[in-house]
Each structure stands twice: as structure tokens, then as C-alpha cells.
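Q: This is the structure I want to talk about, given as C-alpha cells.
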Amino acid sequence: MQERASAQTSIDPIAAPAVLRSPAEDRKAGNPEASPYLATESELIVHSSISIDMSNEMLVDNALFSSALERMRGEEMTSVEAQKLATHHREVLERAVGELGVVENLTCGLSLCIGSVTSLTQADHEAWSRRLVRDPAARRYGAVHSYAPVGDQLQQRFVFSTDPAVAALFSSR
């Protein structure tokens, strides 16, 4: 199977927080409550996995994508705020996709969401994408995504942020 991947950004760069540390780094620094992100989010942010330069690796590699998705899903279950964010964005995404595809995965942390949608055709994908962009409830400030054929269908994998402070991280580092 030949994969066609393209990381694209849909944001205007803004100032990023001065220092982003993982929860483990915060604990080492003596500040266990400091990180506003769940552990998997922090890892993706700290290791630049959501930048244009690095996102293709995570979005295209099945093992890396599945691992990030499953870890974030497990963390989502421990946070009411993350569950609310995931519920909101799943409803928005399902409304946009409608009968033009299937929302296979969507899980969120406190700022980042990761998931995939499969459509039958490129035209279906483009149609639901246009609906999503026009939906005022689709709050996102930055995103990276890749597309790959899966059998005779098209799968889009994505990571997006609901936090404007994280949006600049989607740009190249």
C-alpha cells in the first residue's frame, strides 16, 4: 500500500508559552501540578511531534499513531475536562462527516485531540472537510493531518489543538 502523507497547518503562528515541560519534568522541578496538559499531550508538545516537520512520522507510522491514540484515550478517561472536550469534538466531527465517512477514532486531552476519519472518496473527504470548517462549534486553532489510502478508501489522521497558546507549535521548529 502506497501512502501519501502531507502535514498541513491551518493556523497563523502566535507566541507559544515560554517553557513547556512534561508532567515528569514538572515533578522533577518540584511542581507536580504545574502542567496544564495530560502526559501524552505533554509528550507530543515537548518532543515537537505536532510540528509540521515531525508530525508525518507519528501520523503515518501505524504503531506510533496507535500508541499515542491509546495512551491519550486512557488519560482522557481520568479527566472530566478531557471527556467533555472529546464529546464536544466528536459531535462536531460526526455532524460534519455525516454519511460521507466514518469517525473511527477521536480522543482528547485538555488541549490536543487526535483521531482519524475514513471516507470512500476524495470528493467525500473534501465535502465533509468544508462542512467542518464552516461549523462555528469546530473550535480549533491549529492542526496537522495526513491522508493515506486504506483499501479503496481514504483515511485522514489528525492532531488538532483547541488552545491558541499551543497553535504556534504546529509550525515548523
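By convention in this document, the chains of the C-alpha cells carry letters A, B, ... by their order, each chain's residues are numbered from 1, and ligands are numbered from 1 in the order they are shown.
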Taking the backbone alone, and naming residues the way the document does, which bits of stretch 89-124 of chain A are helix (DSSP H, G or I) by DSSP, as a PyMOL selection string?

A: chain A and resi 89-100+122-124

Q: Set the distance at 8 Å and use only C-alpha atoms: which residues neighbour A:Gln83 once local chain neighbours fewer than 6 positions away are removed? I'd like the list as a ChimeraX atom specification.

A: /A:76-77,108-109

Q: Looking at A:Thr40, A:Thr121, A:Thr107, A:Thr78, which one is nearest to A:Phe158, with distances taken over only C-alpha atoms?

A: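 Of A:Thr40, A:Thr121, A:Thr107, A:Thr78, the one nearest A:Phe158, counting only C-alpha atoms, is A:Thr107.
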
Q: If you measure from atom CA of A:Glu41 to atom CA of A:Leu100, what distance in Å do you get, rounded to one decimal?

A: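 These atoms are spaced 29.4 Å apart.
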
Q: Could you tell me which of A:Asp163, A:Glu43, A:Glu104, A:Asp152 comes closest to A:Thr118 if we count only C-alpha atoms?

A: A:Glu104

Q: Which distance in Å separates atom CA of A:Gly101 and atom CA of A:Arg71, to one decimal?

A: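 Separating atom CA of A:Gly101 from atom CA of A:Arg71 is a distance of 24.8 Å.
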
Q: Considering only C-alpha atoms, state which residue in the set A:Ala137, A:Leu110, A:Leu120, A:Val80 is at the smallest distance from A:Ala96.

A: A:Ala137

Q: Mind the document's chain letters and residue numbers, and return as a list in words the residues of stretch 32-123 of chain A that DSSP labels strand (DSSP E or B).

A: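 DSSP-assigned strand (DSSP E or B) residues in stretch 32-123 of chain A: Gly101, Val102, Val103, Glu104, Asn105, Leu106, Thr107, Cys108, Leu112, Cys113, Ile114, Gly115, Ser116, Val117, Thr118 and Ser119 of chain A.
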
Q: If you measure from atom CA of A:Glu99 to atom CA of A:Arg131, what distance in Å do you get, rounded to one decimal?

A: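 Computed distance, atom CA of A:Glu99 to atom CA of A:Arg131, equals 12.3 Å.
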
Q: As a ChimeraX atom specification, please: the residues near A:Arg95 (cut-off 12 Å, only C-alpha atoms, same-chain neighbours under 6 positions excluded).

A: /A:88-89,101-103,128-135,137-138

Q: Which of these, A:Gln122, A:Ser67, A:Thr87, A:Asn62, has the shortest distance to A:Arg157 once you count only C-alpha atoms?

A: A:Asn62

Q: Give the answer as one residue: which of A:Thr162, A:Lys84, A:Glu70, A:Glu94 has the shortest atom-to-atom distance to A:Cys113, using only C-alpha atoms?

A: A:Thr162

Q: So which one's closest to A:Gln155, A:Leu169, A:Val92, A:Pro136, A:His125? Using only C-alpha atoms, please.

A: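 Between A:Leu169, A:Val92, A:Pro136, A:His125, the residue approaching A:Gln155 most closely is A:His125.
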